[in-house]
file data_28.cif (mmCIF, C-alpha atoms and all ligand atoms)
data_protein
loop_
_atom_site.label_atom_id
_atom_site.label_comp_id
_atom_site.auth_asym_id
_atom_site.auth_seq_id
_atom_site.Cartn_x
_atom_site.Cartn_y
_atom_site.Cartn_z
CA MET A 198 10.21 -1.01 -31.59
CA LYS A 199 13.41 0.96 -31.96
CA SER A 200 13.24 3.91 -29.66
CA SER A 201 16.80 4.96 -29.03
CA GLN A 202 17.00 7.99 -31.31
CA LYS A 203 13.56 9.30 -30.51
CA LYS A 204 14.22 12.05 -28.02
CA VAL A 205 11.67 14.49 -29.37
CA PHE A 206 8.58 13.27 -31.12
CA LYS A 207 5.60 14.73 -32.84
CA LYS A 208 1.92 14.09 -32.38
CA GLY A 209 -0.40 16.25 -34.42
CA ALA A 210 1.05 19.74 -34.47
CA VAL A 211 2.63 19.54 -31.00
CA LEU A 212 6.27 18.75 -30.34
CA PHE A 213 7.09 16.96 -27.08
CA LYS A 214 10.44 17.64 -25.52
CA LYS A 215 12.03 14.94 -23.45
CA MET A 216 11.09 15.17 -19.78
CA ASN A 217 12.42 13.31 -16.76
CA ILE A 218 9.57 12.09 -14.62
CA PRO A 219 10.14 10.08 -11.44
CA LEU A 220 7.74 7.36 -10.28
CA VAL A 221 7.14 9.42 -7.13
CA ASP A 222 8.45 12.89 -6.31
CA LEU A 223 8.94 13.21 -2.56
CA LYS A 224 10.81 16.49 -2.92
CA ALA A 225 7.89 18.14 -4.74
CA ASN A 226 5.60 16.91 -1.99
CA TYR A 227 7.85 18.33 0.75
CA ASN A 228 8.22 21.65 -1.07
CA SER A 229 4.44 22.02 -1.30
CA ILE A 230 4.18 22.28 2.53
CA LYS A 231 7.79 22.99 3.56
CA PRO A 232 7.22 25.77 6.15
CA GLU A 233 4.68 23.68 8.10
CA ILE A 234 6.86 20.56 8.07
CA ASP A 235 9.97 22.49 9.07
CA ALA A 236 8.11 24.12 11.97
CA ALA A 237 6.78 20.77 13.20
CA ILE A 238 10.27 19.23 13.13
CA GLN A 239 11.77 22.26 14.89
CA THR A 240 9.17 22.04 17.67
CA ILE A 241 10.13 18.42 18.41
CA ILE A 242 13.81 19.37 18.48
CA ASP A 243 13.19 22.44 20.66
CA ASN A 244 11.21 20.33 23.12
CA SER A 245 13.61 17.35 22.91
CA SER A 246 10.47 15.19 23.03
CA PHE A 247 11.64 12.40 20.77
CA ILE A 248 9.94 9.32 22.20
CA MET A 249 6.15 8.87 22.43
CA GLY A 250 4.34 11.71 24.23
CA LYS A 251 1.98 14.30 22.78
CA PRO A 252 3.07 14.23 19.13
CA VAL A 253 2.40 10.47 18.81
CA LYS A 254 -0.88 10.70 20.74
CA GLN A 255 -2.08 13.61 18.64
CA PHE A 256 -1.32 11.86 15.36
CA GLU A 257 -2.96 8.66 16.58
CA GLU A 258 -6.14 10.53 17.48
CA ASN A 259 -6.24 12.37 14.17
CA PHE A 260 -5.51 9.31 12.04
CA ALA A 261 -8.14 7.24 13.87
CA LYS A 262 -10.66 10.02 13.22
CA ALA A 263 -9.72 10.31 9.55
CA SER A 264 -10.06 6.52 9.25
CA SER A 265 -13.48 6.53 10.97
CA MET A 266 -12.05 4.16 13.59
CA LYS A 267 -11.97 4.43 17.38
CA HIS A 268 -8.25 3.87 17.95
CA CYS A 269 -4.93 4.20 16.18
CA ILE A 270 -1.68 2.83 17.62
CA GLY A 271 1.43 4.31 16.05
CA VAL A 272 4.24 1.81 15.48
CA ALA A 273 7.70 1.67 13.91
CA ASN A 274 6.69 0.54 10.39
CA GLY A 275 4.02 -1.27 8.40
CA THR A 276 5.66 -4.68 8.75
CA VAL A 277 5.53 -4.78 12.55
CA ALA A 278 2.02 -3.34 12.33
CA VAL A 279 0.87 -6.57 10.63
CA GLU A 280 2.90 -8.67 13.06
CA LEU A 281 1.35 -6.97 16.11
CA ALA A 282 -2.15 -7.26 14.69
CA LEU A 283 -1.63 -11.02 14.30
CA ARG A 284 -0.12 -11.32 17.78
CA VAL A 285 -2.79 -9.33 19.57
CA LEU A 286 -5.49 -11.53 18.02
CA GLY A 287 -3.66 -14.66 19.17
CA VAL A 288 -2.32 -15.96 15.85
CA GLY A 289 0.78 -18.09 16.44
CA LYS A 290 2.42 -21.50 16.22
CA ASN A 291 0.65 -24.21 14.17
CA ASP A 292 -1.81 -21.69 12.73
CA GLU A 293 -2.27 -21.12 9.02
CA VAL A 294 -2.88 -17.64 7.66
CA ILE A 295 -4.34 -17.09 4.20
CA ILE A 296 -2.79 -14.24 2.19
CA PRO A 297 -2.72 -13.25 -1.49
CA ALA A 298 0.17 -14.46 -3.65
CA ASN A 299 0.40 -10.94 -5.10
CA THR A 300 1.64 -8.69 -2.29
CA PHE A 301 4.84 -7.30 -0.81
CA ILE A 302 6.80 -9.79 1.31
CA ALA A 303 6.12 -7.77 4.49
CA THR A 304 2.65 -9.34 4.71
CA SER A 305 3.99 -12.89 4.65
CA GLU A 306 7.05 -12.10 6.79
CA SER A 307 4.72 -10.99 9.56
CA VAL A 308 2.87 -14.30 9.42
CA THR A 309 6.15 -16.20 9.74
CA ALA A 310 7.35 -13.84 12.48
CA VAL A 311 4.51 -14.93 14.78
CA GLY A 312 5.30 -18.60 14.10
CA ALA A 313 2.36 -19.25 11.76
CA ARG A 314 2.44 -20.69 8.22
CA CYS A 315 1.61 -18.73 5.06
CA VAL A 316 -1.04 -20.17 2.78
CA PHE A 317 -1.10 -18.31 -0.50
CA VAL A 318 -4.20 -17.76 -2.61
CA ASP A 319 -4.53 -16.47 -6.16
CA VAL A 320 -5.84 -13.00 -6.97
CA GLU A 321 -8.71 -11.66 -9.08
CA GLU A 322 -7.90 -10.85 -12.70
CA ASP A 323 -9.23 -7.30 -12.59
CA SER A 324 -8.60 -6.04 -9.04
CA MET A 325 -5.39 -8.08 -8.59
CA ASN A 326 -6.42 -8.42 -4.93
CA ILE A 327 -7.17 -11.73 -3.16
CA ASP A 328 -9.83 -13.85 -4.88
CA SER A 329 -12.46 -14.58 -2.25
CA GLU A 330 -13.80 -17.57 -4.23
CA LYS A 331 -10.40 -19.22 -3.93
CA VAL A 332 -10.02 -18.32 -0.25
CA GLU A 333 -12.64 -20.91 0.65
CA GLN A 334 -10.73 -23.67 -1.14
CA ALA A 335 -7.60 -22.87 0.92
CA ILE A 336 -9.29 -23.18 4.33
CA THR A 337 -8.16 -26.15 6.44
CA PRO A 338 -8.77 -27.07 10.11
CA LYS A 339 -5.55 -25.16 10.90
CA THR A 340 -6.64 -21.89 9.28
CA LYS A 341 -6.82 -19.14 11.87
CA ALA A 342 -6.90 -15.92 9.89
CA ILE A 343 -7.19 -14.24 6.51
CA ILE A 344 -5.19 -11.13 5.69
CA ALA A 345 -6.88 -8.97 3.06
CA VAL A 346 -4.26 -6.80 1.35
CA HIS A 347 -5.54 -3.64 -0.33
CA LEU A 348 -2.98 -3.26 -3.10
CA TYR A 349 -2.35 -0.18 -5.26
CA GLY A 350 -4.86 1.93 -3.29
CA ARG A 351 -7.77 -0.36 -4.13
CA MET A 352 -9.50 -2.35 -1.43
CA ALA A 353 -10.12 -6.08 -1.61
CA ASN A 354 -13.74 -7.24 -1.60
CA MET A 355 -14.24 -6.92 2.16
CA GLU A 356 -17.90 -7.84 2.04
CA LYS A 357 -17.22 -11.32 0.64
CA LEU A 358 -14.15 -11.84 2.81
CA GLN A 359 -16.04 -10.86 5.95
CA GLU A 360 -18.83 -13.27 5.06
CA ILE A 361 -16.34 -16.15 4.55
CA ALA A 362 -14.44 -15.30 7.75
CA LYS A 363 -17.68 -15.28 9.74
CA ARG A 364 -18.95 -18.53 8.25
CA HIS A 365 -15.68 -20.34 9.01
CA ASP A 366 -15.04 -18.58 12.33
CA LEU A 367 -11.77 -17.02 11.12
CA LEU A 368 -10.03 -13.80 12.04
CA LEU A 369 -9.87 -11.13 9.35
CA ILE A 370 -7.12 -8.51 9.26
CA GLU A 371 -6.65 -5.78 6.67
CA ASP A 372 -3.16 -4.87 5.46
CA ALA A 373 -3.90 -1.34 4.26
CA ALA A 374 -0.27 -0.25 3.78
CA GLN A 375 -1.25 0.99 0.30
CA ALA A 376 -4.77 2.19 0.97
CA HIS A 377 -4.94 5.21 3.30
CA LEU A 378 -8.58 6.42 3.33
CA ALA A 379 -9.59 4.15 0.44
CA GLU A 380 -13.14 2.76 0.58
CA PHE A 381 -15.03 -0.37 -0.41
CA LYS A 382 -18.81 0.17 -0.48
CA GLY A 383 -18.36 3.25 1.70
CA LYS A 384 -16.20 1.52 4.31
CA LYS A 385 -12.57 2.41 4.96
CA PRO A 386 -9.84 -0.07 6.01
CA GLY A 387 -10.69 -1.49 9.44
CA GLN A 388 -14.37 -0.57 9.38
CA GLN A 389 -15.51 -3.96 8.11
CA SER A 390 -13.09 -6.25 9.98
CA GLY A 391 -12.38 -4.15 13.07
CA ILE A 392 -8.61 -4.02 12.53
CA ALA A 393 -6.32 -2.67 9.78
CA THR A 394 -2.62 -1.95 9.52
CA PHE A 395 -0.81 0.85 7.70
CA SER A 396 2.66 1.69 6.48
CA PHE A 397 3.77 5.31 6.47
CA PHE A 398 6.89 4.53 4.41
CA PRO A 399 7.94 7.80 2.70
CA ALA A 400 6.48 6.95 -0.74
CA LYS A 401 3.05 5.97 0.60
CA ASN A 402 0.01 8.24 0.16
CA LEU A 403 0.68 9.34 3.74
CA GLY A 404 4.43 9.05 4.13
CA ALA A 405 6.84 9.88 6.96
CA PHE A 406 10.43 11.06 6.60
CA GLY A 407 11.66 7.59 7.48
CA ASP A 408 9.91 4.44 8.72
CA ALA A 409 6.57 4.52 10.50
CA GLY A 410 3.38 2.49 10.66
CA GLY A 411 0.05 2.24 12.45
CA ILE A 412 -2.80 -0.05 13.43
CA VAL A 413 -6.41 1.08 13.62
CA CYS A 414 -9.01 -0.85 15.60
CA ASN A 415 -12.33 -0.35 17.40
CA ASP A 416 -11.92 -2.62 20.42
CA ASP A 417 -10.72 -0.83 23.58
CA GLU A 418 -8.97 -3.88 25.08
CA ILE A 419 -7.14 -4.69 21.83
CA ALA A 420 -6.06 -1.05 21.52
CA LYS A 421 -4.76 -1.04 25.09
CA LYS A 422 -2.82 -4.26 24.57
CA LEU A 423 -1.35 -3.04 21.27
CA GLY A 424 -0.23 0.16 22.99
CA MET A 425 1.66 -1.95 25.52
CA MET A 426 2.98 -4.48 23.01
CA ARG A 427 4.73 -1.82 20.95
CA ASN A 428 6.36 -0.41 24.12
CA HIS A 429 7.96 -3.25 26.15
CA GLY A 430 4.66 -4.35 27.71
CA ARG A 431 4.83 -1.26 29.89
CA LEU A 432 2.31 -0.40 32.58
CA SER A 433 4.52 2.47 33.74
CA LYS A 434 8.15 3.36 33.02
CA TYR A 435 9.72 0.35 34.76
CA GLU A 436 6.70 -1.86 35.34
CA HIS A 437 6.12 -4.42 32.57
CA GLU A 438 3.04 -6.60 32.45
CA PHE A 439 4.56 -8.88 29.81
CA GLU A 440 7.63 -9.12 27.57
CA ALA A 441 7.08 -7.41 24.27
CA PHE A 442 8.90 -5.17 21.80
CA ASN A 443 10.23 -1.74 21.06
CA TYR A 444 8.05 -1.11 18.01
CA ARG A 445 7.30 2.54 18.83
CA MET A 446 6.61 5.29 16.32
CA ASP A 447 9.15 8.16 16.47
CA ALA A 448 7.72 11.44 17.75
CA LEU A 449 9.45 13.23 14.87
CA GLN A 450 7.66 11.02 12.34
CA ALA A 451 4.35 11.48 14.17
CA ALA A 452 4.70 15.27 13.99
CA ILE A 453 5.47 15.14 10.26
CA LEU A 454 2.62 12.73 9.59
CA ASP A 455 0.20 14.91 11.52
CA VAL A 456 1.01 17.88 9.28
CA LYS A 457 0.65 15.76 6.14
CA LEU A 458 -2.60 14.14 7.32
CA GLU A 459 -4.37 17.50 6.88
CA TYR A 460 -3.64 17.24 3.15
CA LEU A 461 -4.24 13.52 2.64
CA GLU A 462 -7.80 13.74 1.33
CA LYS A 463 -6.82 16.55 -1.06
CA TRP A 464 -3.79 14.56 -2.26
CA ASN A 465 -5.90 11.42 -2.73
CA GLU A 466 -8.36 13.49 -4.76
CA SER A 467 -5.48 14.71 -6.97
CA ARG A 468 -4.42 11.11 -7.51
CA ARG A 469 -8.00 10.20 -8.49
CA LYS A 470 -8.08 13.09 -10.96
CA ILE A 471 -4.83 11.99 -12.56
CA ALA A 472 -6.04 8.37 -12.68
CA LYS A 473 -9.23 9.50 -14.46
CA ARG A 474 -7.18 11.34 -17.08
CA TYR A 475 -4.92 8.31 -17.52
CA ASP A 476 -8.01 6.04 -17.78
CA GLU A 477 -9.42 8.18 -20.57
CA MET A 478 -6.19 8.69 -22.47
CA LEU A 479 -4.92 5.11 -22.22
CA LYS A 480 -8.21 3.36 -22.99
CA GLY A 481 -7.69 0.79 -25.72
CA VAL A 482 -3.90 1.23 -25.61
CA VAL A 483 -3.04 -0.77 -22.49
CA GLY A 484 -4.96 -2.41 -19.68
CA THR A 485 -5.89 0.14 -17.00
CA PRO A 486 -7.03 -0.31 -13.37
CA PRO A 487 -10.66 -1.38 -12.90
CA VAL A 488 -13.18 1.38 -12.27
CA ASN A 489 -16.11 0.20 -10.20
CA ALA A 490 -18.72 2.06 -8.18
CA ASP A 491 -17.88 -0.20 -5.18
CA TYR A 492 -14.36 1.18 -4.92
CA LYS A 493 -13.18 4.60 -3.85
CA GLN A 494 -9.57 4.17 -4.88
CA VAL A 495 -6.62 6.22 -3.66
CA TYR A 496 -4.20 5.16 -6.42
CA TYR A 497 -1.05 4.53 -4.42
CA MET A 498 0.04 3.09 -7.75
CA TYR A 499 -1.46 3.31 -11.22
CA GLU A 500 -0.74 -0.03 -12.86
CA ILE A 501 -1.11 -0.52 -16.57
CA ARG A 502 -1.02 -3.98 -18.15
CA THR A 503 0.51 -5.20 -21.37
CA ASP A 504 2.18 -8.40 -22.60
CA LYS A 505 4.96 -6.14 -23.94
CA ARG A 506 5.73 -4.87 -20.44
CA ASP A 507 9.51 -5.36 -20.41
CA ASP A 508 10.03 -3.60 -23.77
CA LEU A 509 7.69 -0.79 -22.75
CA LEU A 510 9.55 -0.36 -19.45
CA GLU A 511 12.84 -0.06 -21.33
CA PHE A 512 11.34 2.40 -23.84
CA LEU A 513 9.87 4.61 -21.12
CA LYS A 514 13.17 4.61 -19.26
CA GLU A 515 14.92 5.88 -22.40
CA GLU A 516 12.29 8.58 -22.73
CA GLY A 517 12.87 9.70 -19.12
CA VAL A 518 9.78 8.12 -17.53
CA SER A 519 10.54 6.09 -14.39
CA CYS A 520 8.26 3.13 -13.75
CA GLY A 521 8.07 0.27 -11.26
CA ILE A 522 6.84 -3.32 -11.14
CA HIS A 523 4.70 -4.19 -8.13
CA TYR A 524 5.57 -7.05 -7.96
CA PRO A 525 7.79 -8.91 -10.45
CA LEU A 526 7.69 -12.28 -8.64
CA PRO A 527 4.64 -13.57 -6.74
CA LEU A 528 5.33 -14.70 -3.20
CA HIS A 529 4.85 -18.43 -3.87
CA LEU A 530 7.76 -18.32 -6.33
CA GLN A 531 10.13 -16.37 -4.09
CA PRO A 532 13.27 -18.26 -3.02
CA ALA A 533 12.34 -17.39 0.58
CA TYR A 534 9.22 -19.61 0.32
CA LYS A 535 10.73 -22.59 -1.44
CA TYR A 536 10.19 -24.55 1.78
CA LEU A 537 6.43 -24.18 1.41
CA GLY A 538 6.54 -26.36 -1.72
CA TYR A 539 4.61 -24.23 -4.21
CA ASN A 540 5.31 -24.46 -7.95
CA LYS A 541 5.06 -22.29 -11.05
CA GLY A 542 1.51 -22.54 -12.35
CA ASP A 543 -0.07 -22.81 -8.88
CA PHE A 544 -1.47 -19.27 -9.02
CA PRO A 545 -1.79 -18.42 -12.72
CA VAL A 546 -3.49 -15.06 -12.29
CA ALA A 547 -0.84 -13.72 -9.91
CA GLU A 548 1.87 -15.04 -12.24
CA LYS A 549 0.25 -13.33 -15.25
CA CYS A 550 -0.04 -10.06 -13.31
CA ALA A 551 3.64 -10.25 -12.41
CA ASP A 552 4.50 -10.52 -16.13
CA GLU A 553 2.19 -7.75 -17.30
CA ILE A 554 1.96 -4.99 -14.71
CA LEU A 555 3.79 -1.70 -14.88
CA SER A 556 3.34 1.13 -12.38
CA ILE A 557 3.55 4.49 -14.13
CA PRO A 558 4.16 7.82 -12.36
CA ILE A 559 1.34 9.03 -10.14
CA TYR A 560 1.64 11.52 -7.30
CA PRO A 561 -0.37 14.60 -6.32
CA GLU A 562 2.10 17.10 -7.80
CA LEU A 563 2.27 15.38 -11.23
CA SER A 564 1.30 18.13 -13.69
CA GLU A 565 -1.02 17.64 -16.66
CA GLU A 566 1.95 18.32 -18.93
CA GLN A 567 3.85 15.47 -17.24
CA GLN A 568 0.81 13.17 -17.42
CA ASP A 569 0.43 13.98 -21.13
CA TYR A 570 4.09 13.22 -21.71
CA VAL A 571 3.80 9.81 -20.00
CA VAL A 572 0.76 8.98 -22.16
CA LYS A 573 2.37 10.23 -25.38
CA CYS A 574 5.40 8.03 -24.71
CA ILE A 575 3.20 4.97 -24.11
CA LYS A 576 1.22 5.68 -27.28
CA GLU A 577 4.42 6.26 -29.21
CA PHE A 578 5.65 2.83 -28.12
CA PHE A 579 2.50 1.20 -29.47
CA ASN A 580 2.52 3.45 -32.57
CA ASP A 581 -0.96 4.52 -31.53
C1 LIG B 1 1.18 -4.37 1.31
C2 LIG B 1 2.27 -3.96 2.24
N1 LIG B 1 2.28 -4.45 3.49
C3 LIG B 1 3.23 -4.10 4.37
C4 LIG B 1 4.24 -3.22 4.02
C5 LIG B 1 5.31 -2.94 5.02
O1 LIG B 1 5.44 -1.61 5.35
P1 LIG B 1 6.83 -1.02 5.86
O2 LIG B 1 7.72 -0.87 4.69
O3 LIG B 1 6.44 0.28 6.46
O4 LIG B 1 7.37 -1.96 6.87
C6 LIG B 1 4.25 -2.67 2.75
C7 LIG B 1 5.31 -1.73 2.37
O5 LIG B 1 5.50 -1.37 1.25
C8 LIG B 1 3.25 -3.05 1.83
O6 LIG B 1 3.22 -2.56 0.59
#

call {"tool": "encode", "arguments": {"input": "data_28.cif", "output": "structure tokens"}}
result
Amino acid sequence: MKSSQKKVFKKGAVLFKKMNIPLVDLKANYNSIKPEIDAAIQTIIDNSSFIMGKPVKQFEENFAKASSMKHCIGVANGTVAVELALRVLGVGKNDEVIIPANTFIATSESVTAVGARCVFVDVEEDSMNIDSEKVEQAITPKTKAIIAVHLYGRMANMEKLQEIAKRHDLLLIEDAAQAHLAEFKGKKPGQQSGIATFSFFPAKNLGAFGDAGGIVCNDDEIAKKLGMMRNHGRLSKYEHEFEAFNYRMDALQAAILDVKLEYLEKWNESRRKIAKRYDEMLKGVVGTPPVNADYKQVYYMYEIRTDKRDDLLEFLKEEGVSCGIHYPLPLHLQPAYKYLGYNKGDFPVAEKCADEILSIPIYPELSEEQQDYVVKCIKEFFND
């Protein structure tokens, strides 16, 4: 496919002018609620209340409520959120933790950070989340926990994972960095397992203006311990029950997140609407995300699949459409995990996903005209 000269193309009677469409548009999101965000930031500055305090507490309460969970503990980012969840449940040295081969390295880094060993498992062909059938084959006497990662805004099959975890007496943790308010069979992250972690990285469905993260749980003791672990093991200002970390959430980020949380359900609904339009328009052209009554997806990403991915990516770039690949190299093939001894071919589904997936623009402010342009470009590439 030679695309270079095609800057304006025709479909039916309509001419499409070249547009520039980012993968995510954080500026458009900010502009949609600018006065409220600006006021929240100004209040923190006026009060000079930068660390912990009311803003963090208020966001924690509101996010826990939105997540249908009892507690939320605000932390510095989504990576330490996973690390603290593992630590508070007692995962550590000589333990093995099962995680999907298709995820961001933060999941596995957290396992290593607590001194445990990553055991990768292949993913399902359609959901691209951890394959519960293969989880069982990876369990050894050293296995202590399973981390279910809910990628792209679509939850892993928590029902099956919970059943396996129970049967083998394993801990189950949900890495919901990409799945704010998503559901599997009516249950949100944390509701099935009792504990889930979130990233509020700026591009996430609920994103801060910098780094932030959170852990939701239902157990009072675990919540209390997590609250201390993220803040130097403090009982009071200079009384420390144990050595821990400074993994606190910034008050400024909490205030921003609290404003944005009010809009999260509406924004997720917009993402679902866009995804539905993409599903309809791209049917038969490329592979599209699975649609299943069990999932209420929040489409952090909308991943299409094609064996011509690299050429399509290049073509879309020329036409002004920014895309991403989440993720181009599965964890077992990362140089960082050479020491674990995995080889190419060990997890064929994850490897195939890595070769085929392409994340196309999706964000609440993406107009129908922009969506149509993205689709027209994809169809143009395939001469459809
Ligand atoms: C699945 C997953 N887990 C954990 C993280 C880590 O979050 P953070 O970047 O906030 O540390 C991310 C971030 O993208 C993620 O996608």

call {"tool": "residues_around", "arguments": {"input": "data_28.cif", "residues": "A:Thr240", "least_positions_apart": "3", "cutoff": "12 Å", "atoms": "all atoms listed in the file", "output": "NGL selection string"}}
result
:A and (233-237 or 243-247 or 251-252 or 448-449 or 452-453)

call {"tool": "write_last_selection", "arguments": {"input": "data_28.cif", "atoms": "C-alpha atoms", "output": "mmCIF file, in the coordinates of the input"}}
result
data_model
loop_
_atom_site.group_PDB
_atom_site.id
_atom_site.type_symbol
_atom_site.label_atom_id
_atom_site.label_comp_id
_atom_site.auth_asym_id
_atom_site.auth_seq_id
_atom_site.Cartn_x
_atom_site.Cartn_y
_atom_site.Cartn_z
ATOM 1 C CA GLU A 233 4.680 23.680 8.100
ATOM 2 C CA ILE A 234 6.860 20.560 8.070
ATOM 3 C CA ASP A 235 9.970 22.490 9.070
ATOM 4 C CA ALA A 236 8.110 24.120 11.970
ATOM 5 C CA ALA A 237 6.780 20.770 13.200
ATOM 6 C CA ASP A 243 13.190 22.440 20.660
ATOM 7 C CA ASN A 244 11.210 20.330 23.120
ATOM 8 C CA SER A 245 13.610 17.350 22.910
ATOM 9 C CA SER A 246 10.470 15.190 23.030
ATOM 10 C CA PHE A 247 11.640 12.400 20.770
ATOM 11 C CA LYS A 251 1.980 14.300 22.780
ATOM 12 C CA PRO A 252 3.070 14.230 19.130
ATOM 13 C CA ALA A 448 7.720 11.440 17.750
ATOM 14 C CA LEU A 449 9.450 13.230 14.870
ATOM 15 C CA ALA A 452 4.700 15.270 13.990
ATOM 16 C CA ILE A 453 5.470 15.140 10.260
#

call {"tool": "residues_around", "arguments": {"input": "data_28.cif", "residues": "A:Gly312", "least_positions_apart": "6", "cutoff": "12 Å", "atoms": "all atoms listed in the file", "output": "MDAnalysis selection string"}}
result
chainID A and resid 280 283:284 287:294 305:306

call {"tool": "atom_distance", "arguments": {"input": "data_28.cif", "atom1": "atom CA of A:Gly350", "atom2": "atom CA of A:Met325"}}
result
11.3 Å

call {"tool": "residues_near_ligand", "arguments": {"input": "data_28.cif", "ligand": "ligand LIG 1 (chain B)", "cutoff": "10 Å", "atoms": "only C-alpha atoms and all ligand atoms", "output": "ChimeraX atom specification"}}
result
/A:272-280,299-307,345-350,371-376,394-401,404-405,407-411,497,523-524

call {"tool": "residues_around", "arguments": {"input": "data_28.cif", "residues": "A:Ala353", "least_positions_apart": "2", "cutoff": "12 Å", "atoms": "all atoms listed in the file", "output": "PyMOL selection string"}}
result
chain A and resi 296-297+320-321+323-329+343-351+355-359+370-373+375-376+379-382+384-387+389-390+491-494

call {"tool": "residues_near_point", "arguments": {"input": "data_28.cif", "point": "(11.8, -1.9, -25.3)", "cutoff": "12 Å", "atoms": "all atoms listed in the file", "output": "number ranges by chain"}}
result
A: 198-201, 504-516, 574-575, 577-579

call {"tool": "closest_residue", "arguments": {"input": "data_28.cif", "among": "A:Lys480, A:His377, A:Ile554, A:Lys231", "to": "A:Met352", "atoms": "only C-alpha atoms"}}
result
A:His377

call {"tool": "closest_residue", "arguments": {"input": "data_28.cif", "among": "A:Asn489, A:Ser556, A:Ser264, A:Asn580", "to": "A:Leu461", "atoms": "all atoms listed in the file"}}
result
A:Ser264

call {"tool": "closest_residue", "arguments": {"input": "data_28.cif", "among": "A:Met446, A:Ala451, A:Val495, A:Met425", "to": "A:Ile471", "atoms": "all atoms listed in the file"}}
result
A:Val495

call {"tool": "atom_distance", "arguments": {"input": "data_28.cif", "atom1": "atom CA of A:Glu440", "atom2": "atom CA of A:Arg427"}}
result
10.3 Å

call {"tool": "residues_around", "arguments": {"input": "data_28.cif", "residues": "A:Phe256", "least_positions_apart": "3", "cutoff": "9 Å", "atoms": "only C-alpha atoms", "output": "list of chain:residue names"}}
result
A:Lys251, A:Pro252, A:Val253, A:Asn259, A:Phe260, A:Ala261, A:Cys269, A:Gly271, A:Ala451, A:Ala452, A:Leu454, A:Asp455, A:Val456, A:Leu458

call {"tool": "atom_distance", "arguments": {"input": "data_28.cif", "atom1": "atom CA of A:Ser265", "atom2": "atom CA of A:Val413"}}
result
9.3 Å

call {"tool": "closest_residue", "arguments": {"input": "data_28.cif", "among": "A:Lys535, A:Lys473, A:Lys576, A:His365", "to": "A:Cys315", "atoms": "all atoms listed in the file"}}
result
A:Lys535

call {"tool": "residues_around", "arguments": {"input": "data_28.cif", "residues": "A:Pro527", "least_positions_apart": "3", "cutoff": "7 Å", "atoms": "all atoms listed in the file", "output": "VMD selection string"}}
result
chain A and resid 298 to 299 524 530 to 531 547 to 548 551

call {"tool": "closest_residue", "arguments": {"input": "data_28.cif", "among": "A:Asn428, A:Thr503, A:Gln568, A:Ser467", "to": "A:Leu281", "atoms": "all atoms listed in the file"}}
result
A:Asn428

call {"tool": "axis_aligned_box", "arguments": {"input": "data_28.cif", "around": "stretch 304-313 of chain A", "padding_each_side": "4 Å", "output": "lines of an AutoDock Vina configuration file"}}
result
center_x = 4.9
center_y = -14.3
center_z = 9.7
size_x = 13.0
size_y = 17.9
size_z = 18.1

call {"tool": "closest_residue", "arguments": {"input": "data_28.cif", "among": "A:Phe317, A:Gln450, A:Lys463, A:Lys214", "to": "A:Ile241", "atoms": "all atoms listed in the file"}}
result
A:Gln450

call {"tool": "residues_near_point", "arguments": {"input": "data_28.cif", "point": "(2.8, -20.1, -9.9)", "cutoff": "10 Å", "atoms": "only C-alpha atoms", "output": "ChimeraX atom specification"}}
result
/A:298,319,526-530,539-549

call {"tool": "write_last_selection", "arguments": {"input": "data_28.cif", "atoms": "C-alpha atoms", "output": "PDB file, in the frame of the given file"}}
result
ATOM      1  CA  ALA A 298       0.170 -14.460  -3.650  1.00  0.00           C
ATOM      2  CA  ASP A 319      -4.530 -16.470  -6.160  1.00  0.00           C
ATOM      3  CA  LEU A 526       7.690 -12.280  -8.640  1.00  0.00           C
ATOM      4  CA  PRO A 527       4.640 -13.570  -6.740  1.00  0.00           C
ATOM      5  CA  LEU A 528       5.330 -14.700  -3.200  1.00  0.00           C
ATOM      6  CA  HIS A 529       4.850 -18.430  -3.870  1.00  0.00           C
ATOM      7  CA  LEU A 530       7.760 -18.320  -6.330  1.00  0.00           C
ATOM      8  CA  TYR A 539       4.610 -24.230  -4.210  1.00  0.00           C
ATOM      9  CA  ASN A 540       5.310 -24.460  -7.950  1.00  0.00           C
ATOM     10  CA  LYS A 541       5.060 -22.290 -11.050  1.00  0.00           C
ATOM     11  CA  GLY A 542       1.510 -22.540 -12.350  1.00  0.00           C
ATOM     12  CA  ASP A 543      -0.070 -22.810  -8.880  1.00  0.00           C
ATOM     13  CA  PHE A 544      -1.470 -19.270  -9.020  1.00  0.00           C
ATOM     14  CA  PRO A 545      -1.790 -18.420 -12.720  1.00  0.00           C
ATOM     15  CA  VAL A 546      -3.490 -15.060 -12.290  1.00  0.00           C
ATOM     16  CA  ALA A 547      -0.840 -13.720  -9.910  1.00  0.00           C
ATOM     17  CA  GLU A 548       1.870 -15.040 -12.240  1.00  0.00           C
ATOM     18  CA  LYS A 549       0.250 -13.330 -15.250  1.00  0.00           C
TER      19      LYS A 549
END
